[in-house]
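Undergrad: So that you have it, the file is structure-v4.pdb, and it contains PDB, C-alpha atoms:
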ATOM      1  CA  MET A   1     181.128  93.095  78.061  1.00  0.00           C
ATOM      2  CA  ILE A   2     184.370  95.077  78.329  1.00  0.00           C
ATOM      3  CA  ARG A   3     184.671  95.106  74.538  1.00  0.00           C
ATOM      4  CA  PHE A   4     181.137  96.480  74.164  1.00  0.00           C
ATOM      5  CA  LEU A   5     181.764  99.214  76.748  1.00  0.00           C
ATOM      6  CA  SER A   6     185.040 100.109  75.061  1.00  0.00           C
ATOM      7  CA  TYR A   7     183.339 100.405  71.666  1.00  0.00           C
ATOM      8  CA  TRP A   8     180.486 102.439  73.163  1.00  0.00           C
ATOM      9  CA  LEU A   9     182.845 104.819  74.975  1.00  0.00           C
ATOM     10  CA  THR A  10     184.850 105.291  71.775  1.00  0.00           C
ATOM     11  CA  THR A  11     181.641 106.132  69.942  1.00  0.00           C
ATOM     12  CA  VAL A  12     180.616 108.562  72.707  1.00  0.00           C
ATOM     13  CA  ILE A  13     183.938 110.411  72.406  1.00  0.00           C
ATOM     14  CA  ALA A  14     183.856 110.408  68.597  1.00  0.00           C
ATOM     15  CA  LEU A  15     180.237 111.569  68.437  1.00  0.00           C
ATOM     16  CA  GLY A  16     180.933 114.270  71.010  1.00  0.00           C
ATOM     17  CA  ALA A  17     183.879 115.453  68.921  1.00  0.00           C
ATOM     18  CA  ALA A  18     181.699 115.555  65.812  1.00  0.00           C
ATOM     19  CA  ALA A  19     179.064 117.614  67.620  1.00  0.00           C
ATOM     20  CA  TRP A  20     181.741 119.951  68.965  1.00  0.00           C
ATOM     21  CA  ILE A  21     183.536 120.445  65.624  1.00  0.00           C
ATOM     22  CA  LEU A  22     180.688 120.414  63.099  1.00  0.00           C
ATOM     23  CA  PRO A  23     178.100 123.194  63.336  1.00  0.00           C
ATOM     24  CA  GLY A  24     175.515 121.051  61.534  1.00  0.00           C
ATOM     25  CA  VAL A  25     175.584 118.284  64.160  1.00  0.00           C
ATOM     26  CA  SER A  26     174.248 119.007  67.640  1.00  0.00           C
ATOM     27  CA  ILE A  27     173.671 117.007  70.787  1.00  0.00           C
ATOM     28  CA  THR A  28     171.751 118.727  73.576  1.00  0.00           C
ATOM     29  CA  SER A  29     172.888 116.828  76.683  1.00  0.00           C
ATOM     30  CA  ALA A  30     175.175 114.135  78.065  1.00  0.00           C
ATOM     31  CA  PRO A  31     172.340 111.573  78.311  1.00  0.00           C
ATOM     32  CA  ALA A  32     171.412 112.329  74.689  1.00  0.00           C
ATOM     33  CA  LEU A  33     175.068 111.769  73.735  1.00  0.00           C
ATOM     34  CA  ALA A  34     175.158 108.427  75.563  1.00  0.00           C
ATOM     35  CA  VAL A  35     171.920 107.222  73.959  1.00  0.00           C
ATOM     36  CA  SER A  36     172.988 108.542  70.549  1.00  0.00           C
ATOM     37  CA  ALA A  37     176.211 106.540  70.709  1.00  0.00           C
ATOM     38  CA  LEU A  38     174.261 103.415  71.625  1.00  0.00           C
ATOM     39  CA  VAL A  39     171.719 103.917  68.836  1.00  0.00           C
ATOM     40  CA  LEU A  40     174.454 104.742  66.305  1.00  0.00           C
ATOM     41  CA  GLY A  41     176.221 101.515  67.247  1.00  0.00           C
ATOM     42  CA  MET A  42     173.009  99.528  66.793  1.00  0.00           C
ATOM     43  CA  VAL A  43     172.258 101.178  63.453  1.00  0.00           C
ATOM     44  CA  ASN A  44     175.816 100.436  62.315  1.00  0.00           C
ATOM     45  CA  ALA A  45     175.481  96.817  63.433  1.00  0.00           C
ATOM     46  CA  VAL A  46     172.016  96.105  61.988  1.00  0.00           C
ATOM     47  CA  VAL A  47     170.959  98.579  59.308  1.00  0.00           C
ATOM     48  CA  ARG A  48     174.240  99.557  57.670  1.00  0.00           C
ATOM     49  CA  PRO A  49     175.211  96.003  56.597  1.00  0.00           C
ATOM     50  CA  ILE A  50     171.818  95.669  54.881  1.00  0.00           C
ATOM     51  CA  LEU A  51     172.322  99.000  53.119  1.00  0.00           C
ATOM     52  CA  VAL A  52     175.829  97.993  52.071  1.00  0.00           C
ATOM     53  CA  ILE A  53     174.555  94.799  50.462  1.00  0.00           C
ATOM     54  CA  LEU A  54     171.640  96.548  48.735  1.00  0.00           C
ATOM     55  CA  THR A  55     173.857  99.317  47.357  1.00  0.00           C
ATOM     56  CA  LEU A  56     176.857  97.152  46.472  1.00  0.00           C
ATOM     57  CA  PRO A  57     176.473  97.548  42.681  1.00  0.00           C
ATOM     58  CA  LEU A  58     176.257 101.335  42.989  1.00  0.00           C
ATOM     59  CA  THR A  59     179.185 101.403  45.405  1.00  0.00           C
ATOM     60  CA  PHE A  60     181.193  99.320  42.956  1.00  0.00           C
ATOM     61  CA  LEU A  61     180.311 101.606  40.024  1.00  0.00           C
ATOM     62  CA  THR A  62     181.320 104.712  41.977  1.00  0.00           C
ATOM     63  CA  LEU A  63     184.580 103.082  43.124  1.00  0.00           C
ATOM     64  CA  GLY A  64     183.445 103.129  46.750  1.00  0.00           C
ATOM     65  CA  ILE A  65     182.346 106.755  46.959  1.00  0.00           C
ATOM     66  CA  PHE A  66     178.692 105.760  47.440  1.00  0.00           C
ATOM     67  CA  TYR A  67     179.745 104.117  50.711  1.00  0.00           C
ATOM     68  CA  LEU A  68     179.926 107.655  52.127  1.00  0.00           C
ATOM     69  CA  VAL A  69     176.228 108.031  51.297  1.00  0.00           C
ATOM     70  CA  VAL A  70     175.458 104.777  53.130  1.00  0.00           C
ATOM     71  CA  ASN A  71     177.334 106.044  56.197  1.00  0.00           C
ATOM     72  CA  GLY A  72     175.445 109.336  55.985  1.00  0.00           C
ATOM     73  CA  ILE A  73     172.134 107.482  55.861  1.00  0.00           C
ATOM     74  CA  ALA A  74     173.064 105.464  58.962  1.00  0.00           C
ATOM     75  CA  PHE A  75     174.141 108.645  60.786  1.00  0.00           C
ATOM     76  CA  SER A  76     170.923 110.439  59.789  1.00  0.00           C
ATOM     77  CA  LEU A  77     168.809 107.481  60.904  1.00  0.00           C
ATOM     78  CA  ALA A  78     170.440 107.490  64.333  1.00  0.00           C
ATOM     79  CA  ALA A  79     169.810 111.239  64.645  1.00  0.00           C
ATOM     80  CA  TRP A  80     166.190 110.768  63.609  1.00  0.00           C
ATOM     81  CA  LEU A  81     165.676 108.085  66.260  1.00  0.00           C
ATOM     82  CA  VAL A  82     167.160 110.008  69.215  1.00  0.00           C
ATOM     83  CA  ASP A  83     165.701 113.167  70.730  1.00  0.00           C
ATOM     84  CA  GLY A  84     168.474 115.632  71.394  1.00  0.00           C
ATOM     85  CA  PHE A  85     170.665 114.446  68.509  1.00  0.00           C
ATOM     86  CA  GLU A  86     170.119 116.617  65.462  1.00  0.00           C
ATOM     87  CA  VAL A  87     171.704 116.818  62.034  1.00  0.00           C
ATOM     88  CA  ARG A  88     170.793 119.839  59.916  1.00  0.00           C
ATOM     89  CA  SER A  89     171.226 118.258  56.487  1.00  0.00           C
ATOM     90  CA  PHE A  90     172.385 115.138  54.718  1.00  0.00           C
ATOM     91  CA  GLY A  91     175.721 116.796  53.945  1.00  0.00           C
ATOM     92  CA  TRP A  92     176.334 117.315  57.649  1.00  0.00           C
ATOM     93  CA  ALA A  93     175.367 113.670  58.237  1.00  0.00           C
ATOM     94  CA  VAL A  94     178.013 112.495  55.760  1.00  0.00           C
ATOM     95  CA  LEU A  95     180.633 114.775  57.330  1.00  0.00           C
ATOM     96  CA  GLY A  96     179.580 113.634  60.804  1.00  0.00           C
ATOM     97  CA  ALA A  97     179.897 109.986  59.820  1.00  0.00           C
ATOM     98  CA  ILE A  98     183.355 110.634  58.354  1.00  0.00           C
ATOM     99  CA  LEU A  99     184.522 112.477  61.461  1.00  0.00           C
ATOM    100  CA  VAL A 100     183.145 109.825  63.823  1.00  0.00           C
ATOM    101  CA  GLY A 101     184.961 107.178  61.778  1.00  0.00           C
ATOM    102  CA  ILE A 102     188.268 109.068  61.835  1.00  0.00           C
ATOM    103  CA  VAL A 103     188.127 109.834  65.569  1.00  0.00           C
ATOM    104  CA  SER A 104     187.145 106.221  66.325  1.00  0.00           C
ATOM    105  CA  LEU A 105     190.050 104.997  64.204  1.00  0.00           C
ATOM    106  CA  PHE A 106     192.526 107.143  66.124  1.00  0.00           C
ATOM    107  CA  ILE A 107     191.102 106.168  69.511  1.00  0.00           C
ATOM    108  CA  GLY A 108     191.151 102.491  68.537  1.00  0.00           C
ATOM    109  CA  ALA A 109     194.751 102.727  67.337  1.00  0.00           C
ATOM    110  CA  TRP A 110     195.768 104.547  70.518  1.00  0.00           C
ATOM    111  CA  GLY A 111     193.973 101.991  72.688  1.00  0.00           C
ATOM    112  CA  ASP A 112     195.716  99.113  70.933  1.00  0.00           C
ATOM    113  CA  GLY A 113     199.144 100.598  71.608  1.00  0.00           C
ATOM    114  CA  ARG A 114     199.843 101.365  67.934  1.00  0.00           C
ATOM    115  CA  ARG A 115     200.483 105.078  68.341  1.00  0.00           C
ATOM    116  CA  GLY A 116     203.998 104.941  66.937  1.00  0.00           C
ATOM    117  CA  ASP A 117     205.966 105.625  70.140  1.00  0.00           C
TER
END
Please go through the file and, once you have read it, give me the structure as structure tokens.
TA:
Amino acid sequence: MIRFLSYWLTTVIALGAAAWILPGVSITSAPALAVSALVLGMVNAVVRPILVILTLPLTFLTLGIFYLVVNGIAFSLAAWLVDGFEVRSFGWAVLGAILVGIVSLFIGAWGDGRRGD
């Protein structure tokens, strides 16, 4: 349970950062942010692996670049499912997914004690 809460809180922080930094991503309230992080986690756990398998040949042909499109689709789907979480275009969804991934990576590295002290 602690692991789930840690992952969810990391996603909340990363998604909040994406909404704060990117003008094309908006979240209207704290409850919408909390639900958005939960839905994004579920989409990443259930839908994204299916998309990855279905698009594997295309991802291979593009040397992995198409994986950004898959992440953008997952991000857009989460925004579509949650009221108060909006993404203006698919380009913003891809950028939002990238930023959430980068912020989550840094938070995860910091939480594991690998910050290079």
Undergrad: For CA of Ala14 in chain A and CA of Ile73 in chain A, determine how far apart the two atoms are, in Å to one decimal place.
TA: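 Separation of CA of Ala14 in chain A and CA of Ile73 in chain A: 17.6 Å.
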Undergrad: Between CA of Leu9 in chain A and CA of Asn71 in chain A, what is the distance in Å, rounded to a tenth?
TA: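 About the pair CA of Leu9 in chain A and CA of Asn71 in chain A: they are 19.6 Å apart.
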Undergrad: Got a sec: who's within 9 Å of range 83-86 of chain A, counting all atoms listed in the file, leaving out chain neighbours fewer than 3 positions off, as a VMD selection string?
TA: chain A and resid 24 to 29 31 to 33 36 76 78 to 80
Undergrad: Decode the PyMOL selection byres ((chain A and resi 96) around 8) for the given file into explicit residues and return them as number ranges by chain.
TA: A: 15, 18-19, 22, 25, 72, 75, 92-95, 97-100
Undergrad: Could you tell me which of A:Leu51, A:Leu5, A:Ile21, A:Leu68 comes closest to Phe90 in chain A if we count all atoms listed in the file?
TA: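 So, comparing all the options, the nearest one is A:Leu68.
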Undergrad: Quick check on the file I pasted: which residues fall under the PyMOL selection byres ((chain A and resi 105) around 12)? Write them as a list in words.
TA: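 Selection result, ordered by chain and number: Tyr7, Thr10, Thr11, Ile13, Ala14, Ile98, Leu99, Val100, Gly101, Ile102, Val103, Ser104, Phe106, Ile107, Gly108, Ala109, Trp110, Gly111, Asp112, Arg114 and Arg115 of chain A.
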Undergrad: Using Å and a single decimal, report how far CA of Leu61 in chain A sits from CA of Gly41 in chain A.
TA: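 According to the coordinates, CA of Gly41 in chain A and CA of Leu61 in chain A are separated by 27.5 Å.
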